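What follows is the content of upload-v3.cif, which has mmCIF, C-alpha atoms and all ligand atoms:
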data_work
#
loop_
_atom_site.group_PDB
_atom_site.id
_atom_site.type_symbol
_atom_site.label_atom_id
_atom_site.label_comp_id
_atom_site.auth_asym_id
_atom_site.auth_seq_id
_atom_site.Cartn_x
_atom_site.Cartn_y
_atom_site.Cartn_z
ATOM 1 C CA MET U 21 23.820 -107.275 -106.488
ATOM 2 C CA SER U 22 23.109 -104.292 -108.681
ATOM 3 C CA ALA U 23 25.470 -103.288 -111.489
ATOM 4 C CA ARG U 24 25.748 -99.926 -109.737
ATOM 5 C CA TYR U 25 28.144 -101.264 -107.106
ATOM 6 C CA GLN U 26 30.709 -104.022 -106.673
ATOM 7 C CA GLN U 27 31.260 -106.728 -104.068
ATOM 8 C CA GLN U 28 34.593 -105.038 -103.296
ATOM 9 C CA GLN U 29 32.717 -101.896 -102.234
ATOM 10 C CA ILE U 30 30.517 -103.903 -99.852
ATOM 11 C CA GLU U 31 33.656 -105.337 -98.314
ATOM 12 C CA SER U 32 35.284 -101.888 -98.029
ATOM 13 C CA TRP U 33 32.231 -100.545 -96.204
ATOM 14 C CA HIS U 34 32.388 -103.401 -93.691
ATOM 15 C CA GLU U 35 36.123 -103.097 -93.213
ATOM 16 C CA ASP U 36 36.630 -99.333 -93.329
ATOM 17 C CA GLY U 37 33.232 -98.029 -92.164
ATOM 18 C CA ALA U 38 32.846 -95.962 -95.331
ATOM 19 C CA VAL U 39 33.030 -96.315 -99.095
ATOM 20 C CA VAL U 40 32.584 -93.921 -101.990
ATOM 21 C CA VAL U 41 30.683 -95.397 -104.932
ATOM 22 C CA PRO U 42 31.443 -93.140 -107.910
ATOM 23 C CA ASN U 43 28.671 -92.485 -110.436
ATOM 24 C CA PHE U 44 26.076 -94.622 -108.636
ATOM 25 C CA PHE U 45 23.404 -92.479 -110.310
ATOM 26 C CA THR U 46 23.506 -91.510 -113.983
ATOM 27 C CA PRO U 47 23.618 -87.885 -115.160
ATOM 28 C CA ASP U 48 20.026 -88.308 -116.435
ATOM 29 C CA GLU U 49 18.831 -89.401 -112.991
ATOM 30 C CA ILE U 50 20.530 -86.476 -111.280
ATOM 31 C CA ALA U 51 19.656 -83.687 -113.737
ATOM 32 C CA PRO U 52 16.010 -83.059 -112.733
ATOM 33 C CA ILE U 53 16.970 -83.099 -109.058
ATOM 34 C CA TYR U 54 19.772 -80.597 -109.611
ATOM 35 C CA ASP U 55 17.163 -78.348 -111.221
ATOM 36 C CA ASP U 56 14.926 -78.740 -108.151
ATOM 37 C CA TYR U 57 17.803 -77.713 -105.882
ATOM 38 C CA ALA U 58 18.598 -74.711 -108.079
ATOM 39 C CA ARG U 59 14.963 -73.612 -107.834
ATOM 40 C CA LEU U 60 14.663 -74.282 -104.093
ATOM 41 C CA TYR U 61 18.075 -73.024 -102.962
ATOM 42 C CA GLY U 62 19.420 -70.890 -105.807
ATOM 43 C CA PHE U 63 23.011 -70.649 -106.844
ATOM 44 C CA GLU U 64 24.459 -68.150 -104.460
ATOM 45 C CA GLY U 65 23.324 -68.607 -100.903
ATOM 46 C CA ALA U 66 23.675 -65.928 -98.281
ATOM 47 C CA GLY U 67 27.448 -65.545 -98.290
ATOM 48 C CA ASN U 68 29.399 -63.188 -100.536
ATOM 49 C CA GLY U 69 30.938 -66.143 -102.358
ATOM 50 C CA ASN U 70 34.291 -65.771 -100.633
ATOM 51 C CA PRO U 71 35.447 -68.487 -98.237
ATOM 52 C CA LEU U 72 34.653 -67.894 -94.589
ATOM 53 C CA ALA U 73 37.075 -69.373 -92.091
ATOM 54 C CA ILE U 74 36.375 -69.015 -88.391
ATOM 55 C CA ASP U 75 39.310 -69.409 -86.053
ATOM 56 C CA THR U 76 37.906 -71.600 -83.298
ATOM 57 C CA GLY U 77 41.271 -72.152 -81.699
ATOM 58 C CA GLN U 78 40.560 -75.882 -82.199
ATOM 59 C CA PRO U 79 42.718 -78.218 -84.271
ATOM 60 C CA ALA U 80 39.844 -79.285 -86.510
ATOM 61 C CA GLY U 81 36.825 -77.027 -86.889
ATOM 62 C CA ALA U 82 33.627 -76.791 -84.875
ATOM 63 C CA PHE U 83 29.873 -77.198 -85.338
ATOM 64 C CA HIS U 84 28.065 -73.898 -86.102
ATOM 65 C CA PRO U 85 24.294 -73.471 -86.602
ATOM 66 C CA LYS U 86 24.943 -71.735 -89.946
ATOM 67 C CA GLN U 87 26.336 -75.007 -91.334
ATOM 68 C CA PHE U 88 22.846 -76.454 -91.090
ATOM 69 C CA LYS U 89 20.886 -74.009 -93.231
ATOM 70 C CA ASN U 90 19.156 -75.066 -96.460
ATOM 71 C CA LEU U 91 17.978 -78.434 -95.167
ATOM 72 C CA ASP U 92 14.569 -79.851 -95.950
ATOM 73 C CA THR U 93 12.895 -83.170 -95.198
ATOM 74 C CA LEU U 94 11.163 -85.760 -97.428
ATOM 75 C CA PRO U 95 8.655 -85.391 -99.066
ATOM 76 C CA TYR U 96 10.060 -82.482 -101.062
ATOM 77 C CA ASP U 97 8.408 -79.626 -102.868
ATOM 78 C CA GLY U 98 10.030 -80.803 -106.084
ATOM 79 C CA SER U 99 9.843 -83.353 -108.886
ATOM 80 C CA VAL U 100 8.765 -86.966 -108.503
ATOM 81 C CA GLU U 101 12.407 -87.857 -109.245
ATOM 82 C CA MET U 102 13.565 -85.776 -106.285
ATOM 83 C CA ASN U 103 11.067 -87.525 -104.046
ATOM 84 C CA LEU U 104 11.919 -91.026 -105.233
ATOM 85 C CA ILE U 105 15.717 -90.922 -105.277
ATOM 86 C CA SER U 106 16.005 -91.715 -101.536
ATOM 87 C CA LEU U 107 14.057 -94.891 -102.284
ATOM 88 C CA HIS U 108 15.849 -95.872 -105.481
ATOM 89 C CA PRO U 109 15.666 -99.695 -105.723
ATOM 90 C CA SER U 110 19.457 -100.039 -105.961
ATOM 91 C CA LEU U 111 19.946 -97.852 -102.891
ATOM 92 C CA ILE U 112 17.463 -99.985 -100.945
ATOM 93 C CA GLN U 113 19.201 -103.119 -102.190
ATOM 94 C CA LEU U 114 22.648 -101.848 -101.200
ATOM 95 C CA ALA U 115 21.427 -100.823 -97.726
ATOM 96 C CA SER U 116 19.806 -104.212 -97.280
ATOM 97 C CA GLU U 117 22.936 -106.069 -98.398
ATOM 98 C CA LEU U 118 25.094 -104.053 -96.016
ATOM 99 C CA LEU U 119 22.752 -104.770 -93.102
ATOM 100 C CA GLY U 120 22.649 -108.521 -93.685
ATOM 101 C CA ASN U 121 20.073 -108.862 -96.470
ATOM 102 C CA GLN U 122 17.174 -108.006 -94.224
ATOM 103 C CA PRO U 123 14.235 -105.694 -94.985
ATOM 104 C CA VAL U 124 15.215 -102.068 -94.342
ATOM 105 C CA GLN U 125 13.457 -98.810 -93.613
ATOM 106 C CA LEU U 126 14.332 -95.273 -94.606
ATOM 107 C CA TYR U 127 14.660 -93.302 -91.389
ATOM 108 C CA GLN U 128 16.296 -90.115 -92.689
ATOM 109 C CA SER U 129 16.105 -88.153 -95.921
ATOM 110 C CA HIS U 130 17.053 -84.507 -96.080
ATOM 111 C CA THR U 131 18.440 -82.059 -98.580
ATOM 112 C CA TRP U 132 21.474 -79.948 -97.845
ATOM 113 C CA ALA U 133 22.680 -77.044 -99.941
ATOM 114 C CA LYS U 134 25.991 -75.496 -98.897
ATOM 115 C CA PHE U 135 27.483 -72.321 -100.342
ATOM 116 C CA THR U 136 30.989 -70.936 -100.072
ATOM 117 C CA GLY U 137 31.034 -68.188 -97.486
ATOM 118 C CA GLU U 138 27.645 -68.959 -95.930
ATOM 119 C CA ALA U 139 29.357 -70.788 -93.068
ATOM 120 C CA ASP U 140 32.689 -72.227 -92.131
ATOM 121 C CA TYR U 141 31.737 -75.865 -92.738
ATOM 122 C CA ASP U 142 34.853 -77.312 -91.111
ATOM 123 C CA GLN U 143 33.860 -79.796 -88.392
ATOM 124 C CA PRO U 144 35.743 -81.988 -85.948
ATOM 125 C CA PHE U 145 35.705 -85.768 -86.406
ATOM 126 C CA HIS U 146 32.579 -87.302 -84.921
ATOM 127 C CA CYS U 147 30.174 -90.220 -85.304
ATOM 128 C CA ASP U 148 26.530 -89.480 -86.151
ATOM 129 C CA TYR U 149 24.852 -91.749 -83.606
ATOM 130 C CA GLY U 150 24.200 -88.810 -81.238
ATOM 131 C CA ASN U 151 20.966 -87.769 -82.947
ATOM 132 C CA HIS U 152 20.109 -91.145 -84.554
ATOM 133 C CA THR U 153 19.657 -93.167 -81.373
ATOM 134 C CA LEU U 154 19.177 -92.596 -77.652
ATOM 135 C CA THR U 155 21.670 -95.375 -77.009
ATOM 136 C CA VAL U 156 24.972 -96.050 -78.780
ATOM 137 C CA PRO U 157 25.916 -97.872 -82.004
ATOM 138 C CA GLY U 158 25.162 -101.599 -81.756
ATOM 139 C CA GLU U 159 28.044 -104.066 -81.677
ATOM 140 C CA ASP U 160 26.388 -106.109 -84.413
ATOM 141 C CA VAL U 161 26.544 -104.311 -87.744
ATOM 142 C CA ALA U 162 22.942 -105.311 -88.503
ATOM 143 C CA GLN U 163 21.836 -103.163 -85.559
ATOM 144 C CA ARG U 164 23.602 -100.100 -86.899
ATOM 145 C CA THR U 165 22.800 -97.984 -89.969
ATOM 146 C CA VAL U 166 23.742 -97.256 -93.543
ATOM 147 C CA ASN U 167 24.070 -93.506 -94.093
ATOM 148 C CA PHE U 168 24.314 -92.286 -97.657
ATOM 149 C CA VAL U 169 25.187 -88.867 -98.978
ATOM 150 C CA ILE U 170 24.003 -88.489 -102.568
ATOM 151 C CA TYR U 171 25.903 -85.920 -104.636
ATOM 152 C CA LEU U 172 23.671 -83.848 -106.893
ATOM 153 C CA SER U 173 26.583 -81.556 -107.822
ATOM 154 C CA ASP U 174 30.289 -82.300 -108.157
ATOM 155 C CA VAL U 175 31.883 -82.545 -104.710
ATOM 156 C CA THR U 176 35.589 -81.689 -104.676
ATOM 157 C CA ASP U 177 37.797 -80.850 -101.715
ATOM 158 C CA ALA U 178 37.375 -77.150 -102.491
ATOM 159 C CA LEU U 179 33.596 -77.765 -102.450
ATOM 160 C CA GLY U 180 33.491 -79.261 -98.968
ATOM 161 C CA ALA U 181 33.912 -83.012 -99.509
ATOM 162 C CA MET U 182 33.275 -85.055 -96.377
ATOM 163 C CA HIS U 183 36.437 -86.574 -94.915
ATOM 164 C CA TYR U 184 36.484 -89.863 -93.028
ATOM 165 C CA VAL U 185 38.910 -92.123 -91.187
ATOM 166 C CA LYS U 186 39.011 -95.866 -91.837
ATOM 167 C CA LYS U 187 38.121 -98.125 -88.907
ATOM 168 C CA SER U 188 41.638 -99.571 -88.677
ATOM 169 C CA ASP U 189 43.026 -96.033 -88.300
ATOM 170 C CA SER U 190 40.459 -94.756 -85.793
ATOM 171 C CA ASP U 191 40.902 -97.991 -83.811
ATOM 172 C CA ALA U 192 44.667 -97.441 -83.757
ATOM 173 C CA ILE U 193 44.325 -93.804 -82.666
ATOM 174 C CA LEU U 194 41.333 -93.925 -80.313
ATOM 175 C CA GLY U 195 41.199 -97.572 -79.297
ATOM 176 C CA SER U 196 38.798 -100.111 -80.721
ATOM 177 C CA ARG U 197 35.104 -99.364 -80.435
ATOM 178 C CA ALA U 198 35.687 -95.671 -79.595
ATOM 179 C CA ILE U 199 32.634 -93.536 -80.383
ATOM 180 C CA ALA U 200 33.969 -90.099 -79.445
ATOM 181 C CA ALA U 201 37.095 -88.269 -80.595
ATOM 182 C CA PRO U 202 38.452 -85.923 -77.906
ATOM 183 C CA THR U 203 40.111 -82.696 -79.097
ATOM 184 C CA GLU U 204 43.621 -83.930 -78.445
ATOM 185 C CA TYR U 205 43.155 -86.767 -80.968
ATOM 186 C CA GLN U 206 41.797 -84.643 -83.813
ATOM 187 C CA VAL U 207 45.214 -83.879 -85.336
ATOM 188 C CA ALA U 208 46.169 -87.556 -85.431
ATOM 189 C CA LEU U 209 42.809 -88.422 -87.060
ATOM 190 C CA LYS U 210 43.270 -85.631 -89.592
ATOM 191 C CA ALA U 211 46.628 -87.089 -90.575
ATOM 192 C CA ARG U 212 44.820 -90.321 -91.630
ATOM 193 C CA GLN U 213 41.716 -88.791 -93.197
ATOM 194 C CA HIS U 214 40.391 -89.755 -96.636
ATOM 195 C CA SER U 215 38.419 -87.465 -98.877
ATOM 196 C CA ALA U 216 35.023 -88.528 -100.193
ATOM 197 C CA ALA U 217 35.359 -86.183 -103.190
ATOM 198 C CA ALA U 218 33.562 -87.537 -106.267
ATOM 199 C CA PRO U 219 31.517 -86.304 -109.232
ATOM 200 C CA ALA U 220 27.784 -85.589 -109.234
ATOM 201 C CA GLY U 221 25.806 -88.839 -109.154
ATOM 202 C CA SER U 222 28.242 -90.473 -106.731
ATOM 203 C CA ILE U 223 27.388 -91.555 -103.202
ATOM 204 C CA ILE U 224 29.285 -92.157 -99.998
ATOM 205 C CA ALA U 225 28.003 -94.867 -97.674
ATOM 206 C CA TYR U 226 29.092 -94.807 -94.043
ATOM 207 C CA GLY U 227 27.678 -95.831 -90.655
ATOM 208 C CA ILE U 228 26.737 -94.310 -87.283
ATOM 209 C CA ASP U 229 30.013 -95.533 -85.815
ATOM 210 C CA THR U 230 32.275 -94.079 -88.554
ATOM 211 C CA PHE U 231 34.456 -91.063 -87.760
ATOM 212 C CA HIS U 232 33.987 -88.351 -90.349
ATOM 213 C CA ARG U 233 33.624 -84.593 -90.626
ATOM 214 C CA GLY U 234 32.329 -81.872 -92.910
ATOM 215 C CA THR U 235 35.030 -79.668 -94.432
ATOM 216 C CA ASN U 236 34.976 -76.043 -95.447
ATOM 217 C CA MET U 237 34.115 -74.720 -98.901
ATOM 218 C CA THR U 238 36.951 -72.685 -100.365
ATOM 219 C CA GLU U 239 36.090 -72.409 -104.067
ATOM 220 C CA PRO U 240 34.827 -68.859 -104.737
ATOM 221 C CA ASN U 241 31.061 -68.845 -105.397
ATOM 222 C CA GLY U 242 30.995 -72.615 -104.891
ATOM 223 C CA LEU U 243 27.898 -74.667 -104.198
ATOM 224 C CA ARG U 244 27.430 -78.189 -102.888
ATOM 225 C CA TYR U 245 24.042 -79.869 -103.374
ATOM 226 C CA THR U 246 23.690 -83.165 -101.505
ATOM 227 C CA MET U 247 20.974 -85.330 -100.000
ATOM 228 C CA THR U 248 21.462 -87.308 -96.795
ATOM 229 C CA VAL U 249 19.615 -90.637 -96.874
ATOM 230 C CA SER U 250 19.801 -93.227 -94.098
ATOM 231 C CA PHE U 251 18.515 -96.768 -93.667
ATOM 232 C CA LYS U 252 18.176 -99.145 -90.742
ATOM 233 C CA ARG U 253 16.847 -102.652 -90.471
ATOM 234 C CA ALA U 254 13.056 -102.594 -90.478
ATOM 235 C CA ASP U 255 12.921 -104.279 -87.073
ATOM 236 C CA ASN U 256 15.250 -101.735 -85.424
ATOM 237 C CA ALA U 257 13.243 -99.338 -83.236
ATOM 238 C CA ASN U 258 16.471 -98.183 -81.550
ATOM 239 C CA ILE U 259 17.271 -95.906 -84.505
ATOM 240 C CA GLY U 260 15.301 -92.921 -85.788
ATOM 241 C CA PHE U 261 15.465 -89.366 -87.079
ATOM 242 C CA HIS U 262 12.300 -88.226 -88.881
ATOM 243 C CA VAL U 263 8.732 -89.242 -88.088
ATOM 244 C CA TRP U 264 7.181 -89.435 -91.544
ATOM 245 C CA GLN U 265 3.599 -89.501 -90.295
ATOM 246 C CA HIS U 266 4.024 -86.152 -88.580
ATOM 247 C CA ALA U 267 4.442 -84.155 -91.814
ATOM 248 C CA LEU U 268 0.869 -84.474 -93.019
ATOM 249 C CA GLU U 269 0.804 -81.095 -94.777
ATOM 250 C CA ARG U 270 3.678 -82.082 -97.053
ATOM 251 C CA PRO U 271 3.284 -83.433 -100.621
ATOM 252 C CA TRP U 272 2.982 -87.129 -99.834
ATOM 253 C CA HIS U 273 1.103 -87.748 -103.079
ATOM 254 C CA LEU U 274 4.426 -87.331 -104.930
ATOM 255 C CA LEU U 275 5.581 -90.500 -103.218
ATOM 256 C CA LEU U 276 2.400 -92.486 -102.732
ATOM 257 C CA ASN U 277 1.243 -92.045 -106.316
ATOM 258 C CA HIS U 278 4.575 -93.058 -107.850
ATOM 259 C CA ALA U 279 6.405 -95.445 -105.512
ATOM 260 C CA THR U 280 6.281 -99.240 -105.630
ATOM 261 C CA PRO U 281 5.021 -101.243 -102.646
ATOM 262 C CA THR U 282 8.660 -102.167 -101.897
ATOM 263 C CA GLN U 283 9.609 -98.500 -101.762
ATOM 264 C CA LEU U 284 6.613 -97.639 -99.595
ATOM 265 C CA GLU U 285 7.450 -100.486 -97.241
ATOM 266 C CA CYS U 286 10.683 -98.605 -96.486
ATOM 267 C CA LEU U 287 8.476 -95.848 -95.016
ATOM 268 C CA GLY U 288 6.658 -98.339 -92.818
ATOM 269 C CA ILE U 289 3.634 -98.945 -95.060
ATOM 270 C CA PRO U 290 2.710 -102.639 -94.815
ATOM 271 C CA ALA U 291 3.445 -104.708 -97.935
ATOM 272 C CA PRO U 292 0.703 -106.251 -100.068
ATOM 273 C CA GLY U 293 -0.495 -109.369 -98.291
ATOM 274 C CA ASN U 294 0.253 -108.000 -94.814
ATOM 275 C CA ALA U 295 -2.538 -108.736 -92.323
ATOM 276 C CA PHE U 296 -3.036 -104.980 -91.915
ATOM 277 C CA TRP U 297 -4.725 -104.893 -95.321
ATOM 278 C CA THR U 298 -8.365 -105.846 -95.083
ATOM 279 C CA ASP U 299 -11.315 -104.839 -97.255
ATOM 280 C CA LEU U 300 -11.943 -101.983 -94.837
ATOM 281 C CA THR U 301 -8.384 -100.615 -94.562
ATOM 282 C CA LEU U 302 -7.915 -100.854 -98.335
ATOM 283 C CA ARG U 303 -11.161 -99.006 -99.024
ATOM 284 C CA GLN U 304 -10.476 -96.282 -96.478
ATOM 285 C CA CYS U 305 -6.874 -95.829 -97.573
ATOM 286 C CA GLN U 306 -7.957 -95.519 -101.199
ATOM 287 C CA GLN U 307 -10.486 -92.877 -100.173
ATOM 288 C CA ARG U 308 -7.767 -91.022 -98.331
ATOM 289 C CA TRP U 309 -5.339 -91.151 -101.286
ATOM 290 C CA PRO U 310 -7.515 -91.525 -104.408
ATOM 291 C CA GLU U 311 -4.591 -91.390 -106.880
ATOM 292 C CA TRP U 312 -2.544 -94.116 -105.174
ATOM 293 C CA ASN U 313 -2.568 -97.241 -107.340
ATOM 294 C CA MET U 314 -3.384 -99.886 -104.738
ATOM 295 C CA SER U 315 -3.982 -102.752 -107.161
ATOM 296 C CA GLU U 316 -1.146 -104.915 -105.826
ATOM 297 C CA TYR U 317 -2.576 -104.621 -102.322
ATOM 298 C CA VAL U 318 -6.062 -105.459 -103.559
ATOM 299 C CA LEU U 319 -4.802 -108.430 -105.542
ATOM 300 C CA ALA U 320 -2.784 -109.791 -102.644
ATOM 301 C CA LEU U 321 -5.855 -109.709 -100.444
ATOM 302 C CA ALA U 322 -7.832 -111.484 -103.120
ATOM 303 C CA GLY U 323 -5.099 -114.118 -103.254
ATOM 304 C CA ALA U 324 -4.319 -113.375 -106.897
ATOM 305 C CA SER U 325 -0.872 -112.660 -108.329
ATOM 306 C CA PRO U 326 -0.172 -109.455 -110.298
ATOM 307 C CA ASP U 327 0.365 -111.659 -113.390
ATOM 308 C CA ALA U 328 -3.122 -113.084 -113.082
ATOM 309 C CA ALA U 329 -4.480 -109.537 -112.913
ATOM 310 C CA ASN U 330 -2.571 -108.449 -116.007
ATOM 311 C CA HIS U 331 -4.212 -111.209 -117.971
ATOM 312 C CA ALA U 332 -7.606 -110.878 -116.324
ATOM 313 C CA ASP U 333 -9.254 -109.259 -119.298
HETATM 314 O O1 LIG U 401 28.066 -82.586 -94.998
HETATM 315 C C1 LIG U 401 29.070 -83.242 -94.729
HETATM 316 O O2 LIG U 401 29.998 -83.422 -95.538
HETATM 317 C C2 LIG U 401 29.217 -83.892 -93.382
HETATM 318 C C3 LIG U 401 28.434 -83.204 -92.302
HETATM 319 C C4 LIG U 401 28.387 -84.005 -91.048
HETATM 320 O O3 LIG U 401 29.054 -84.969 -90.909
HETATM 321 C C5 LIG U 401 27.432 -83.650 -89.976
HETATM 322 O O4 LIG U 401 26.913 -82.516 -89.945
HETATM 323 O O5 LIG U 401 27.180 -84.516 -89.118
HETATM 324 FE FE FE U 402 28.279 -86.226 -89.350
#
Here is the file; what I need is its structure written in the form of structure tokens.
Amino acid sequence: MSARYQQQQIESWHEDGAVVVPNFFTPDEIAPIYDDYARLYGFEGAGNGNPLAIDTGQPAGAFHPKQFKNLDTLPYDGSVEMNLISLHPSLIQLASELLGNQPVQLYQSHTWAKFTGEADYDQPFHCDYGNHTLTVPGEDVAQRTVNFVIYLSDVTDALGAMHYVKKSDSDAILGSRAIAAPTEYQVALKARQHSAAAPAGSIIAYGIDTFHRGTNMTEPNGLRYTMTVSFKRADNANIGFHVWQHALERPWHLLLNHATPTQLECLGIPAPGNAFWTDLTLRQCQQRWPEWNMSEYVLALAGASPDAANHAD
């Protein structure tokens, strides 16, 4: 257990399907990443800074393509800090604890910058499994996901805080194990919604079977900088979103040259000591990424411990 979260919050996630962990990251950890967002996305966006509300005739918002602008995928054209925050050791540890203390993999990491007036961000209640699996959420929690939203700026209700409904409430309204919320139930869900508003540095953790929705931004000239970061158990091929290997042109060195083997394992890179690592694969991989410090992999193959290496000379 990391000091960044409490046992009570683990229990809330299991019981309610979502939990806000205030100030999970420190202001110092967030500051360089906020600067990256400001450089990449600016402060104003495409709107005129005044709230935009679209009358859909629906009781609770709709999905619009404009809600999904200003998204980018790991690895980012930013600082090392920006690239490593999705793989922060305490985030990995929390995801692993929530999924039964098993090894986990990062299967989603994207930025999202929202600006007042650029879209009407109000959405209906939904679960996210639709584009995270070709099946449905597993019955066993370990087969589902942990989905984090990291707040790089303050997220208030006027700045589009996500809203969610606790499991006991969605079960009561929709029936247990419901995974879709028909229009006629949206008002009842809204009546039980909770806001995930929290200061910069906070996170919300939820799951692919949790009913939630984006809400509109109403603060004039407001901005909301967040990162969406999702984990699954490492042995769960039923879940996916990005294919890391596909993005070869992106700045992978920002991760490879700075991440620990445990962090890299969350991207599917075999751990030191894994049978994948042979003299040949180590040599070729080092040639491919000359700045990657592969000493732990080399030592594991040689049967030595990192301690032995530190004292070798
Ligand atoms: O950004 C948010 O607050 C939630 C958005 C959301 O739930 C979605 O687009 O699936
Ligand atoms: Fe969602």
With a distance cut-off of 12 Å and all atoms listed in the file, select the neighbouring residues of U:His266, excluding the residue or stretch itself and same-chain residues fewer than 4 positions from it, and output the selection as a ChimeraX atom specification. /U:93-95,261-262,270,272
As number ranges by chain, please: the residues near stretch 136-148 of chain U (cut-off 8 Å, all atoms listed in the file, same-chain neighbours under 3 positions excluded). U: 65-74, 80-84, 86-87, 151-152, 179-180, 184, 199-201, 206, 209, 227-243
Selected by the PyMOL selection byres (((chain U and resi 53-62) around 7) and not hetatm) in the shown coordinates: which residues, as a ChimeraX atom specification? /U:50-52,63-65,90,98-99,101-102,133,172
Now that the selection is made, can you save its residues with C-alpha atoms as a CSV table (one decimal), keeping the file's coordinate frame?
chain,number,residue,atom,x,y,z
U,50,ILE,CA,20.5,-86.5,-111.3
U,51,ALA,CA,19.7,-83.7,-113.7
U,52,PRO,CA,16.0,-83.1,-112.7
U,63,PHE,CA,23.0,-70.6,-106.8
U,64,GLU,CA,24.5,-68.2,-104.5
U,65,GLY,CA,23.3,-68.6,-100.9
U,90,ASN,CA,19.2,-75.1,-96.5
U,98,GLY,CA,10.0,-80.8,-106.1
U,99,SER,CA,9.8,-83.4,-108.9
U,101,GLU,CA,12.4,-87.9,-109.2
U,102,MET,CA,13.6,-85.8,-106.3
U,133,ALA,CA,22.7,-77.0,-99.9
U,172,LEU,CA,23.7,-83.8,-106.9
Taking the file as shown, find all residues satisfying the PyMOL selection byres (((chain U and resi 37-44) around 6) and not hetatm) and write them as a ChimeraX atom specification. /U:24,33-36,45,187,221-226,230
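For the residues U:Trp132, U:Tyr317, U:Tyr205, U:Trp264, ranking by smallest atom-to-atom distance to ligand LIG 401 (chain U) using all atoms listed in the file places U:Trp132 first.
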Using all atoms listed in the file, the residue out of U:Asn167, U:Gln283, U:Thr298, U:Ser173 with shortest distance to ligand FE 402 (chain U) is U:Asn167
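Of the residues under consideration (U:His108, U:Arg253, U:Lys210, U:Arg164), U:Arg253 shows the shortest atom-to-atom contact distance to U:Gly288 when counting all atoms listed in the file.
The spacing separating atom CA of U:Thr301 from atom CA of U:Lys252 amounts to 26.9 Å.
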All residues 8 Å or closer to U:Tyr127, all atoms listed in the file, same chain fewer than 4 positions away omitted, as a list of chain:residue names: U:Val249, U:Ser250, U:Phe251, U:Lys252, U:Ile259, U:Gly260, U:Phe261, U:His262, U:Val263, U:Leu287
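Closest to ligand FE 402 (chain U) among U:Trp309, U:Tyr25, U:Phe135, U:Phe168 is U:Phe168, based on all atoms listed in the file.
For the pair atom CA of U:Ile112 and atom CA of U:Val185, the interatomic distance is 24.8 Å.
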Take the point (20.9, -103.3, -104.6) in the file's coordinates, draw a sphere of radius 10 Å around it, and report as a PyMOL selection string every protein, DNA or RNA residue with an atom inside or on it, counting only C-alpha atoms. chain U and resi 21-25+108-118+121
Writer output for current selection, C-alpha atoms, as an mmCIF file, keeping the file's coordinate frame:
data_model
loop_
_atom_site.group_PDB
_atom_site.id
_atom_site.type_symbol
_atom_site.label_atom_id
_atom_site.label_comp_id
_atom_site.auth_asym_id
_atom_site.auth_seq_id
_atom_site.Cartn_x
_atom_site.Cartn_y
_atom_site.Cartn_z
ATOM 1 C CA MET U 21 23.820 -107.275 -106.488
ATOM 2 C CA SER U 22 23.109 -104.292 -108.681
ATOM 3 C CA ALA U 23 25.470 -103.288 -111.489
ATOM 4 C CA ARG U 24 25.748 -99.926 -109.737
ATOM 5 C CA TYR U 25 28.144 -101.264 -107.106
ATOM 6 C CA HIS U 108 15.849 -95.872 -105.481
ATOM 7 C CA PRO U 109 15.666 -99.695 -105.723
ATOM 8 C CA SER U 110 19.457 -100.039 -105.961
ATOM 9 C CA LEU U 111 19.946 -97.852 -102.891
ATOM 10 C CA ILE U 112 17.463 -99.985 -100.945
ATOM 11 C CA GLN U 113 19.201 -103.119 -102.190
ATOM 12 C CA LEU U 114 22.648 -101.848 -101.200
ATOM 13 C CA ALA U 115 21.427 -100.823 -97.726
ATOM 14 C CA SER U 116 19.806 -104.212 -97.280
ATOM 15 C CA GLU U 117 22.936 -106.069 -98.398
ATOM 16 C CA LEU U 118 25.094 -104.053 -96.016
ATOM 17 C CA ASN U 121 20.073 -108.862 -96.470
#
Please check which residues have atoms at most 12 Å from (-4.9, -87.5, -109.3) in the file's coordinates, counting all atoms listed in the file, and write them as a PyMOL selection string. chain U and resi 273-274+276-278+306-313
Could you name the residues that touch U:Ala208 at 10 Å or less, counting all atoms listed in the file, but leaving out those on the same chain fewer than 3 positions away, as a PyMOL selection string? chain U and resi 189-190+193-194+204-205+211-213
Surrounding residues of U:Gly323 excluding itself and chain neighbours under 4 positions, 9 Å, all atoms listed in the file, as a list in words: Gly293, Val318 and Leu319 of chain U
Ranking U:Ala162, U:Pro157, U:Tyr149, U:Gln304 by minimum distance to ligand FE 402 (chain U) and counting all atoms listed in the file, which one comes first? U:Tyr149
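In terms of minimum interatomic distance to ligand LIG 401 (chain U), U:Ala181 ranks closest within U:Lys89, U:Ser106, U:Ala181, U:Val156, counting only C-alpha atoms and all ligand atoms.
Straight-line separation from atom CA of U:Ile30 to atom CA of U:Asp92: 29.1 Å.
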Residues matched by the PyMOL selection byres (((chain U and resi 286) around 8) and not hetatm), written as an mmCIF file with C-alpha atoms, keeping the file's coordinate frame:
data_model
loop_
_atom_site.group_PDB
_atom_site.id
_atom_site.type_symbol
_atom_site.label_atom_id
_atom_site.label_comp_id
_atom_site.auth_asym_id
_atom_site.auth_seq_id
_atom_site.Cartn_x
_atom_site.Cartn_y
_atom_site.Cartn_z
ATOM 1 C CA LEU U 107 14.057 -94.891 -102.284
ATOM 2 C CA VAL U 124 15.215 -102.068 -94.342
ATOM 3 C CA GLN U 125 13.457 -98.810 -93.613
ATOM 4 C CA LEU U 126 14.332 -95.273 -94.606
ATOM 5 C CA ALA U 254 13.056 -102.594 -90.478
ATOM 6 C CA THR U 282 8.660 -102.167 -101.897
ATOM 7 C CA GLN U 283 9.609 -98.500 -101.762
ATOM 8 C CA LEU U 284 6.613 -97.639 -99.595
ATOM 9 C CA GLU U 285 7.450 -100.486 -97.241
ATOM 10 C CA LEU U 287 8.476 -95.848 -95.016
ATOM 11 C CA GLY U 288 6.658 -98.339 -92.818
ATOM 12 C CA ILE U 289 3.634 -98.945 -95.060
#
